[in-house]
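**Q** Dropping in target13.pdb, with PDB, C-alpha atoms.
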ATOM      1  CA  MET A   1      67.266 -60.074  -6.101  1.00  0.00           C
ATOM      2  CA  GLY A   2      64.878 -61.042  -8.864  1.00  0.00           C
ATOM      3  CA  GLY A   3      62.623 -58.035  -8.273  1.00  0.00           C
ATOM      4  CA  ASN A   4      62.539 -57.072 -11.938  1.00  0.00           C
ATOM      5  CA  ARG A   5      61.460 -60.563 -12.953  1.00  0.00           C
ATOM      6  CA  VAL A   6      58.553 -60.405 -10.487  1.00  0.00           C
ATOM      7  CA  ASP A   7      57.608 -56.955 -11.788  1.00  0.00           C
ATOM      8  CA  GLU A   8      57.652 -58.185 -15.374  1.00  0.00           C
ATOM      9  CA  THR A   9      55.445 -61.158 -14.521  1.00  0.00           C
ATOM     10  CA  GLU A  10      52.977 -58.897 -12.727  1.00  0.00           C
ATOM     11  CA  PHE A  11      52.928 -56.410 -15.595  1.00  0.00           C
ATOM     12  CA  MET A  12      52.394 -59.178 -18.154  1.00  0.00           C
ATOM     13  CA  GLN A  13      49.420 -60.407 -16.120  1.00  0.00           C
ATOM     14  CA  ILE A  14      48.016 -56.879 -15.902  1.00  0.00           C
ATOM     15  CA  LYS A  15      48.466 -56.383 -19.641  1.00  0.00           C
ATOM     16  CA  GLU A  16      46.485 -59.573 -20.270  1.00  0.00           C
ATOM     17  CA  PHE A  17      43.828 -58.509 -17.748  1.00  0.00           C
ATOM     18  CA  VAL A  18      43.218 -55.070 -19.314  1.00  0.00           C
ATOM     19  CA  LYS A  19      43.440 -56.071 -22.976  1.00  0.00           C
ATOM     20  CA  ASP A  20      39.643 -56.093 -23.465  1.00  0.00           C
ATOM     21  CA  MET A  21      38.914 -53.016 -21.346  1.00  0.00           C
ATOM     22  CA  ASP A  22      37.934 -49.686 -22.843  1.00  0.00           C
ATOM     23  CA  LYS A  23      39.866 -46.523 -21.993  1.00  0.00           C
ATOM     24  CA  THR A  24      37.572 -45.542 -19.103  1.00  0.00           C
ATOM     25  CA  GLN A  25      37.922 -48.963 -17.485  1.00  0.00           C
ATOM     26  CA  ARG A  26      41.689 -48.812 -17.921  1.00  0.00           C
ATOM     27  CA  ILE A  27      41.793 -45.401 -16.235  1.00  0.00           C
ATOM     28  CA  VAL A  28      39.757 -46.690 -13.286  1.00  0.00           C
ATOM     29  CA  TYR A  29      41.968 -49.782 -13.022  1.00  0.00           C
ATOM     30  CA  TYR A  30      45.130 -47.657 -13.176  1.00  0.00           C
ATOM     31  CA  GLU A  31      43.859 -45.346 -10.429  1.00  0.00           C
ATOM     32  CA  GLN A  32      43.095 -48.366  -8.233  1.00  0.00           C
ATOM     33  CA  LYS A  33      46.450 -50.091  -8.822  1.00  0.00           C
ATOM     34  CA  LYS A  34      48.904 -47.196  -8.820  1.00  0.00           C
ATOM     35  CA  LYS A  35      51.137 -46.605  -5.819  1.00  0.00           C
ATOM     36  CA  SER A  36      51.616 -43.253  -4.116  1.00  0.00           C
ATOM     37  CA  VAL A  37      55.106 -41.856  -4.651  1.00  0.00           C
ATOM     38  CA  GLY A  38      54.667 -39.700  -1.542  1.00  0.00           C
ATOM     39  CA  ILE A  39      53.742 -42.652   0.659  1.00  0.00           C
ATOM     40  CA  ALA A  40      56.673 -44.684  -0.686  1.00  0.00           C
ATOM     41  CA  VAL A  41      59.095 -41.847   0.098  1.00  0.00           C
ATOM     42  CA  LEU A  42      57.569 -41.112   3.519  1.00  0.00           C
ATOM     43  CA  LEU A  43      57.658 -44.760   4.539  1.00  0.00           C
ATOM     44  CA  SER A  44      61.297 -45.015   3.442  1.00  0.00           C
ATOM     45  CA  ALA A  45      62.164 -41.877   5.399  1.00  0.00           C
ATOM     46  CA  LEU A  46      60.472 -43.179   8.551  1.00  0.00           C
ATOM     47  CA  ILE A  47      61.541 -46.822   8.318  1.00  0.00           C
ATOM     48  CA  PRO A  48      64.316 -47.728   5.889  1.00  0.00           C
ATOM     49  CA  GLY A  49      63.036 -50.354   3.464  1.00  0.00           C
ATOM     50  CA  ALA A  50      59.351 -49.761   4.240  1.00  0.00           C
ATOM     51  CA  GLY A  51      58.836 -47.937   0.945  1.00  0.00           C
ATOM     52  CA  GLN A  52      60.103 -50.976  -0.938  1.00  0.00           C
ATOM     53  CA  MET A  53      57.801 -53.220   1.075  1.00  0.00           C
ATOM     54  CA  TYR A  54      54.856 -50.941   0.252  1.00  0.00           C
ATOM     55  CA  LEU A  55      55.745 -51.401  -3.420  1.00  0.00           C
ATOM     56  CA  GLY A  56      55.639 -55.172  -2.988  1.00  0.00           C
ATOM     57  CA  LYS A  57      59.400 -55.674  -2.881  1.00  0.00           C
ATOM     58  CA  VAL A  58      59.503 -57.213   0.585  1.00  0.00           C
ATOM     59  CA  GLY A  59      62.874 -58.949   0.195  1.00  0.00           C
ATOM     60  CA  LYS A  60      64.550 -55.759  -0.988  1.00  0.00           C
ATOM     61  CA  GLY A  61      62.910 -53.854   1.876  1.00  0.00           C
ATOM     62  CA  ILE A  62      64.211 -56.322   4.440  1.00  0.00           C
ATOM     63  CA  ILE A  63      67.724 -56.103   3.001  1.00  0.00           C
ATOM     64  CA  ILE A  64      67.613 -52.293   3.180  1.00  0.00           C
ATOM     65  CA  LEU A  65      66.294 -52.417   6.748  1.00  0.00           C
ATOM     66  CA  LEU A  66      68.961 -54.867   7.920  1.00  0.00           C
ATOM     67  CA  THR A  67      71.722 -52.932   6.147  1.00  0.00           C
ATOM     68  CA  PHE A  68      70.521 -49.733   7.810  1.00  0.00           C
ATOM     69  CA  TRP A  69      70.796 -51.286  11.273  1.00  0.00           C
ATOM     70  CA  PHE A  70      74.123 -52.895  10.408  1.00  0.00           C
ATOM     71  CA  PHE A  71      75.589 -49.432   9.772  1.00  0.00           C
ATOM     72  CA  LEU A  72      73.545 -47.509  12.330  1.00  0.00           C
ATOM     73  CA  ILE A  73      74.727 -49.482  15.363  1.00  0.00           C
ATOM     74  CA  PRO A  74      78.462 -48.691  14.856  1.00  0.00           C
ATOM     75  CA  TYR A  75      77.513 -45.066  14.142  1.00  0.00           C
ATOM     76  CA  ILE A  76      75.609 -44.761  17.422  1.00  0.00           C
ATOM     77  CA  TYR A  77      78.404 -46.578  19.268  1.00  0.00           C
ATOM     78  CA  GLY A  78      80.903 -44.084  17.828  1.00  0.00           C
ATOM     79  CA  ILE A  79      78.820 -41.189  19.127  1.00  0.00           C
ATOM     80  CA  TYR A  80      78.635 -42.800  22.579  1.00  0.00           C
ATOM     81  CA  VAL A  81      82.394 -43.470  22.675  1.00  0.00           C
ATOM     82  CA  ALA A  82      83.133 -39.859  21.709  1.00  0.00           C
ATOM     83  CA  TYR A  83      80.792 -38.635  24.466  1.00  0.00           C
ATOM     84  CA  LYS A  84      82.324 -40.954  27.075  1.00  0.00           C
ATOM     85  CA  SER A  85      85.902 -40.160  26.013  1.00  0.00           C
ATOM     86  CA  ALA A  86      85.270 -36.409  26.203  1.00  0.00           C
ATOM     87  CA  LYS A  87      83.717 -36.774  29.670  1.00  0.00           C
ATOM     88  CA  ASP A  88      86.667 -38.915  30.843  1.00  0.00           C
ATOM     89  CA  TYR A  89      89.178 -36.465  29.358  1.00  0.00           C
ATOM     90  CA  ASN A  90      87.521 -33.508  31.067  1.00  0.00           C
ATOM     91  CA  ALA A  91      87.371 -35.340  34.407  1.00  0.00           C
ATOM     92  CA  ARG A  92      91.060 -36.243  34.161  1.00  0.00           C
ATOM     93  CA  LEU A  93      91.977 -32.702  33.081  1.00  0.00           C
ATOM     94  CA  TYR A  94      90.049 -31.238  36.013  1.00  0.00           C
ATOM     95  CA  SER A  95      91.772 -33.669  38.365  1.00  0.00           C
ATOM     96  CA  VAL A  96      95.233 -32.735  37.072  1.00  0.00           C
ATOM     97  CA  ILE A  97      94.618 -28.988  37.111  1.00  0.00           C
ATOM     98  CA  PHE A  98      92.899 -28.763  40.478  1.00  0.00           C
ATOM     99  CA  SER A  99      94.716 -31.469  42.443  1.00  0.00           C
ATOM    100  CA  GLU A 100      96.597 -30.219  45.504  1.00  0.00           C
ATOM    101  CA  LYS A 101      99.594 -32.482  44.975  1.00  0.00           C
TER     102      LYS A 101
END
Kindly return the structure encoded in the file as structure tokens.

**A**
Amino acid sequence: MGGNRVDETEFMQIKEFVKDMDKTQRIVYYEQKKKSVGIAVLLSALIPGAGQMYLGKVGKGIIILLTFWFFLIPYIYGIYVAYKSAKDYNARLYSVIFSEK
């Protein structure tokens, strides 16, 4: 996916940017740039892939989101089929047990 290469490029640029800063300036810069772990986790829990997008890894986030839906749709269909099959079975069973023939 190339995400690590992008990260490395960004970090090299940041390293160059902060090289002449004193410790206080570096602390301020770090506090401004850092990402919230809690927000990343919450976003991922609410919308699969959103945490990755928040971290700047949009492509990875989209892949996670699409993969989630790819597997979620058959899962939901399976639940529906089980529901429908159980209802049909019970209706047929009732018909057989309580028919007058």

**Q** Between atom CA of Met53 of chain A and atom CA of Tyr77 of chain A, what distance in Å does the model show, to one decimal?

**A**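 For atom CA of Met53 of chain A relative to atom CA of Tyr77 of chain A, the distance reads 28.3 Å.
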
**Q** Leaving out segment 8-22 of chain A and any residue of its chain fewer than 6 positions from it, which residues lie within 12 Å of it when counting all atoms listed in the file, given as a list in words?

**A**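 Within the cut-off, the hits are Gly2, Val28, Tyr29, Tyr30, Lys33 and Gly56 of chain A.
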
**Q** Could those selected residues go to a file with C-alpha atoms, as a compact mmCIF listing (two decimals), keeping the file's coordinate frame?

**A**
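The resulting file, part-v7.txt, is shown below:
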# COMPACT_ATOMS: atom_id res chain seq x y z
CA GLY A 2 64.88 -61.04 -8.86
CA VAL A 28 39.76 -46.69 -13.29
CA TYR A 29 41.97 -49.78 -13.02
CA TYR A 30 45.13 -47.66 -13.18
CA LYS A 33 46.45 -50.09 -8.82
CA GLY A 56 55.64 -55.17 -2.99

**Q** Give me the residues near Val41 of chain A as a list in words, where near means some atom within 12 Å (using all atoms listed in the file) and where sequence neighbours in that chain fewer than 6 positions away do not count.

**A** Lys35, Ile47, Pro48, Gly49, Ala50, Gly51, Gln52, Met53, Tyr54 and Leu55 of chain A

**Q** Next, write the just-selected residues to a file, as a PDB file, keeping the file's coordinate frame, keeping C-alpha atoms as the atom set.

**A**
ATOM      1  CA  LYS A  35      51.137 -46.605  -5.819  1.00  0.00           C
ATOM      2  CA  ILE A  47      61.541 -46.822   8.318  1.00  0.00           C
ATOM      3  CA  PRO A  48      64.316 -47.728   5.889  1.00  0.00           C
ATOM      4  CA  GLY A  49      63.036 -50.354   3.464  1.00  0.00           C
ATOM      5  CA  ALA A  50      59.351 -49.761   4.240  1.00  0.00           C
ATOM      6  CA  GLY A  51      58.836 -47.937   0.945  1.00  0.00           C
ATOM      7  CA  GLN A  52      60.103 -50.976  -0.938  1.00  0.00           C
ATOM      8  CA  MET A  53      57.801 -53.220   1.075  1.00  0.00           C
ATOM      9  CA  TYR A  54      54.856 -50.941   0.252  1.00  0.00           C
ATOM     10  CA  LEU A  55      55.745 -51.401  -3.420  1.00  0.00           C
TER      11      LEU A  55
END

**Q** Would you compute the distance between atom CA of Leu65 of chain A and atom CA of Lys34 of chain A? Give it in Å to one decimal.

**A** 23.9 Å

**Q** Grab the atom CA of Lys23 of chain A to atom CA of Lys57 of chain A distance for me, in Å with one decimal place.

**A** 28.8 Å

**Q** Hey, can I get the axis-aligned box for segment 67-73 of chain A? All listed atoms, 3 Å padding on each side, centre and edge lengths in Å to one decimal, as AutoDock Vina command-line options.

**A**
--center_x 73.1 --center_y -50.2 --center_z 10.8 --size_x 11.1 --size_y 11.4 --size_z 15.2
